[in-house]
Amino acid sequence: MSLTMTSRLLKSGKKIEYNTDIFYHFDKGIMIAHYYEPFEYYMITDAKGEIKMYYPQKNEVYISRDPSKITEHTIFYYFFANRLADFGLRDLGFTIAKTEPRSDIIITHWAPPKEMENTIKSVELVHQKNLPIFMAYYSPKNKISRKIYYYNYTDEKQLPVRFPQKVVEFNYLEDGDSLITQMVFTNIKYGQQANNPNFDFKIPFNAKIVKQN
């Protein structure tokens, strides 16, 4: 699949906005993100957590590894792999503590693994018509530390799965401030319609490796 992601970040009254073209090989587990501003670079991630950031103007590549950044921990994987029931929480060691069916929504409460209990007390996941619409992380003091809204879903005929065209995330910082991130997905294409040379983008062999972990 391919799409354009417009991200808007708001913190301390300041707003940053940038556009990114994303190309996701679902079968290969590879995602290529092409950033334009404030400078151009490519970020390539895979299913093993390897991250390559390539800067064309300098012909330099930064290589690192982060198991938490594997492509199977992205919103794109969760939807196209039909992992909407747990949204990847099971992979992180969370278990269902309670389920609350209501009139038109289902709320599930997830307990963290022991190694996360110092930072997370629980996670609340809300579904409507089998689609996630809200997610909240609670701190050990039982206060919301992070919440995410998913809405404006595509219709049934547009893609093989329904996908949110807008995601808004609130992160509450320890100093009392908050970081608000809005992601708007447009130009969503799938299968043969997602035909773009960037799917085959390769970092030049002569690119200089500036750092490697």
# chains A, B, ... in the order shown; residues from 1 in each chain; ligands from 1
>>> residues_around(residues="region 31-45 of chain A", least_positions_apart="4", cutoff="6 Å", atoms="only C-alpha atoms", output="VMD selection string")
chain A and resid 18 20 to 24 50 to 55
>>> select_by_dssp(residues="region 25-113 of chain A", states="helix (DSSP H, G or I)", output="list in words")
Pro67, Ser68, Lys69, Thr71, Glu72, His73, Ile75, Phe76, Tyr77, Tyr78, Phe79, Phe80, Arg90, Asp91 and Leu92 of chain A
>>> closest_residue(among="A:Leu84, A:Asp200, A:Ile209, A:Lys121", to="Tyr150 (chain A)", atoms="only C-alpha atoms")
A:Leu84
>>> atom_distance(atom1="CA of Asn152 (chain A)", atom2="CA of Pro132 (chain A)")
11.5 Å
>>> residues_around(residues="Gly191 (chain A)", least_positions_apart="3", cutoff="8 Å", atoms="only C-alpha atoms", output="PyMOL selection string")
chain A and resi 1+194-195
